[in-house]
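Worksheet: the structure to be examined is printed underneath.
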Amino acid sequence: MLEVRDLRAGYGTIEVLHGISFEVKAGECVALIGANGSGKTSTLKAICGLLPVRAGSVTFEGERIDRLAGHVIVERGIAMCPEGRQVFPEMTVVENLRIGAYARKDAEQESDIAAMQDLFPILRERAQQDAGKLSGGEQEMLAIARALMARPKLCIFDEPSLGLAPKIVAEVEATIARIKARGITTLLVEQNSAMALRLADRVYLYESGEIVLTGTSAELRDDPAIARAYLGE
Amino acid sequence: MVEVLQQILNGLTIGGVYVLIALGLTTVFGILGISHFAHGSISMFGGYVVFYLVTQQGMPLAFACLAAMGAGFVLGIAVERLAYRPVRDASPINAFIVALGLTMIAEGANLQLFGADQIVIPTNLQSVFRIGALTLTELRFYIILLTAGLILAMTLYIQRSKTGYAIRALAQNRNAAILMGVNVSRITMLVFAMSSMLGVAAAVMIGALFAIAPGVGEGLAIKGFSVLILGGLGSIPGAIVGGLILGVTEALAAGFLSSAYKDVIAFLVMIIVLLVRPQGLLGKHS
């Protein structure tokens, strides 16, 4: 479904991605893991059109998307739940959900809002509150629901557990597992490798802008050398 | 007491005009962080066009206004495409200098095309209404009605319409808005177009109420920015509240002290407000 080949990108004169290649097949959950600053988030930004691609290609459903503007990529069916949640703080919860469906033109958007509120009851309770007034965990739920409002073919999560209390992290994990169970293809970036290994079918390990290791979650989990060297266990 | 109410009524008329200018400036600032100084002078171009259409072409005022607001819409798009878009990703000082240059171009063009004489847009609204002891000219009545209508329409558009959602989202978080599928270029262009359209409406009201002359546009832009700072940069309710407060303060100062001091008092009120609330009356960020 998504194929990234020899992707290079960077900021100013500094290149941070030195030829990244990976793929996500339909229905799969793929995780990108690795240390802070290894290029995971930059990869996601390049896929979504927020960071210019300098070389290499990004192909989605057989078509090149690496030269397209960000909003066109969303229309193709890729939604991202960005790092640090990035809800619109001065819009209400319902307004945030509504704008999640901005690229859609069908008539089922209002019923999807109700469906999201069934999935996350807190979003019904706080429907008319400004999103900026929610707690971190509630904002994460809103950001996930907002991404789902686009009815994406591929849903990308960037560090969904970052800065959240352990109890909330477990809730986020359960939510992503449910989304995966619905058959939505997901690409997950996580520093919490234990969580990533539980959720993902396959994993790519980043180190300073390159992929140094790949395999199924089970393979990586069961290899004691890898676990010691990369996963901090 | 009657005199106070009378001045407040007068102040609301001009305050509404300030709101129209400030709404344009605040939406542009919210989305691009640009201080669009040329807004006043470009709006005045529309005022001149209405004067020309009414006096030289004999066009009815209402049609002339609609034509000029249409022209303002197109002019706003042109300004964004030709002047601001090339510097969109450059350092903010570039946009600042573009804005200053654009002001000079607009003022110069107005002077070349329409001359240095002050003009008043003629209306045949002559009657005067009496509400108890208060008086309200027909012209002011229609201006209040029209500004209220335009402010309401603009507010509803931004609060309720899909494009309005995109405008707010873009102002609050640019990257997140792109991730929702918001086309930044299209929305930016539209915001400039709507701002200029409202600006032209304001210029026509100034031209009918007082007069249009070289420099009036620049003065109006300064008033507009005062309103923004008073109400809170980028805040739409702030622009409305700030504009009305500035208008009423000016009118009260002109009525009870001297019209020579009206700007002094208005800016004094602004300074006092900012001492207490540096982020502006309805501004969220300090």
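Chain labels run A, B, ... following the order of the structure tokens; each chain numbers its residues from 1, and ligands are numbered from 1 in the order shown.
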At a cut-off of 8 Å, using only C-alpha atoms, what residues contact Gly247 (chain B)? Leave out same-chain residues fewer than 3 positions from it and give the result as a VMD selection string.
chain B and resid 11 to 16 18 243 to 244 250 to 251
Residues within 12 Å of Gly12 (chain A), only C-alpha atoms, excluding chain neighbours under 5 positions, as a PyMOL selection string:
chain A and resi 51-52+54
Would you mind listing, as a PDB file with N, CA and C atoms, in the first residue's frame, all residues of chain B that have at least one atom within 6 Å of chain A, where only C-alpha atoms are what counts?
```
ATOM      1  N   ILE B 178      -2.791  21.446   7.578  1.00  0.00           N
ATOM      2  CA  ILE B 178      -2.437  20.757   6.329  1.00  0.00           C
ATOM      3  C   ILE B 178      -2.784  19.272   6.456  1.00  0.00           C
ATOM      4  N   MET B 180      -5.144  18.010   7.959  1.00  0.00           N
ATOM      5  CA  MET B 180      -6.597  17.822   7.843  1.00  0.00           C
ATOM      6  C   MET B 180      -7.027  17.938   6.376  1.00  0.00           C
ATOM      7  N   GLY B 181      -6.092  18.333   5.509  1.00  0.00           N
ATOM      8  CA  GLY B 181      -6.436  18.496   4.098  1.00  0.00           C
ATOM      9  C   GLY B 181      -6.720  19.934   3.706  1.00  0.00           C
ATOM     10  N   VAL B 182      -6.317  20.885   4.542  1.00  0.00           N
ATOM     11  CA  VAL B 182      -6.556  22.303   4.225  1.00  0.00           C
ATOM     12  C   VAL B 182      -5.524  22.766   3.188  1.00  0.00           C
ATOM     13  N   ASN B 183      -6.030  23.352   2.103  1.00  0.00           N
ATOM     14  CA  ASN B 183      -5.170  23.884   1.054  1.00  0.00           C
ATOM     15  C   ASN B 183      -4.727  25.295   1.450  1.00  0.00           C
TER      16      ASN B 183
END
```
Please return as a PyMOL selection string: the residues of region 6-132 of chain A that backbone DSSP assigns to strand (DSSP E).
chain A and resi 6-11+14-24+29-34+55-60+63-64+78-81
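With only C-alpha atoms taken into account, the protein and nucleic acid residues at most 10 Å from Arg140 (chain B) (excluding it and anything under 3 positions from it in its own chain) are B:Leu9, B:Asn10, B:Leu12, B:Thr13, B:Ile14, B:Leu125, B:Val128, B:Phe129, B:Leu136, B:Thr137, B:Ile143, B:Ile144, B:Leu145, B:Leu146, B:Met205, B:Ala208, B:Leu209.
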Could you dump the residues just selected with N, CA and C atoms as a short mmCIF file (atom, residue, chain, number, x, y, z; two decimals), in the first residue's frame?
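Okay, this is what ended up in part37.cif:
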```cif
data_model
loop_
_atom_site.label_atom_id
_atom_site.label_comp_id
_atom_site.auth_asym_id
_atom_site.auth_seq_id
_atom_site.Cartn_x
_atom_site.Cartn_y
_atom_site.Cartn_z
N LEU B 9 -23.73 56.78 20.30
CA LEU B 9 -24.37 56.39 19.03
C LEU B 9 -23.47 56.78 17.85
N ASN B 10 -22.94 58.02 17.91
CA ASN B 10 -22.01 58.46 16.86
C ASN B 10 -20.77 57.56 16.83
N LEU B 12 -20.51 54.45 17.75
CA LEU B 12 -20.78 53.11 17.23
C LEU B 12 -20.72 53.10 15.71
N THR B 13 -21.12 54.22 15.09
CA THR B 13 -21.09 54.28 13.62
C THR B 13 -19.66 54.13 13.12
N ILE B 14 -18.78 55.00 13.62
CA ILE B 14 -17.39 54.95 13.15
C ILE B 14 -16.70 53.69 13.69
N LEU B 125 -29.12 60.47 1.03
CA LEU B 125 -29.74 60.14 2.31
C LEU B 125 -29.72 61.40 3.18
N VAL B 128 -33.37 62.86 8.84
CA VAL B 128 -32.81 62.63 10.18
C VAL B 128 -33.88 61.94 11.02
N PHE B 129 -33.48 60.83 11.67
CA PHE B 129 -34.44 60.14 12.56
C PHE B 129 -34.28 60.69 13.97
N LEU B 136 -30.37 60.68 14.74
CA LEU B 136 -29.55 59.78 13.94
C LEU B 136 -29.83 60.10 12.49
N THR B 137 -28.77 60.47 11.75
CA THR B 137 -29.01 60.76 10.33
C THR B 137 -29.29 59.45 9.61
N ILE B 143 -25.40 53.02 7.67
CA ILE B 143 -24.03 52.54 7.90
C ILE B 143 -24.00 51.55 9.06
N ILE B 144 -24.72 51.90 10.15
CA ILE B 144 -24.77 50.98 11.30
C ILE B 144 -25.38 49.64 10.88
N LEU B 145 -26.47 49.73 10.12
CA LEU B 145 -27.15 48.53 9.67
C LEU B 145 -26.23 47.65 8.81
N LEU B 146 -25.54 48.31 7.88
CA LEU B 146 -24.68 47.60 6.94
C LEU B 146 -23.46 47.00 7.63
N MET B 205 -17.88 53.81 3.30
CA MET B 205 -18.57 54.45 4.44
C MET B 205 -17.81 55.68 4.91
N ALA B 208 -18.42 58.45 2.45
CA ALA B 208 -19.75 59.04 2.50
C ALA B 208 -19.93 59.84 3.79
N LEU B 209 -19.32 59.35 4.87
CA LEU B 209 -19.50 59.95 6.19
C LEU B 209 -18.60 61.19 6.34
#
```
Between CA of Ser193 (chain A) and CA of Ile156 (chain A), what is the distance in Å, rounded to a tenth?
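Distance reported for this atom pair: 16.4 Å.
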How many Å lie between CA of Asn175 (chain B) and CA of Leu134 (chain A), rounded to one decimal?
20.4 Å
Please build the interface table for region 39-144 of chain A against region 171-177 of chain A with a cut-off of 12 Å, listing for each qualifying residue the nearest atom pair and the distance in Å to one decimal; count only C-alpha atoms, order rows by chain and increasing number, and write it as a tab-separated table.
```
residue	atom	partner	partner_atom	distance
A:Cys81	CA	A:Ile176	CA	11.4
A:Met116	CA	A:Thr175	CA	11.8
A:Leu119	CA	A:Thr175	CA	8.9
A:Phe120	CA	A:Thr175	CA	9.3
A:Gly136	CA	A:Val172	CA	11.5
A:Gly137	CA	A:Val172	CA	8.3
A:Glu138	CA	A:Val172	CA	10.1
A:Gln139	CA	A:Val172	CA	11.1
A:Glu140	CA	A:Val172	CA	7.9
A:Met141	CA	A:Val172	CA	7.5
A:Leu142	CA	A:Val172	CA	11.1
A:Ala143	CA	A:Val172	CA	11.1
A:Ile144	CA	A:Ile176	CA	8.7
```
Which value, in Å to one decimal, gives the distance between CA of Gln191 (chain A) and CA of Ile122 (chain A)?
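Calculated distance between CA of Gln191 (chain A) and CA of Ile122 (chain A) is 26.3 Å.
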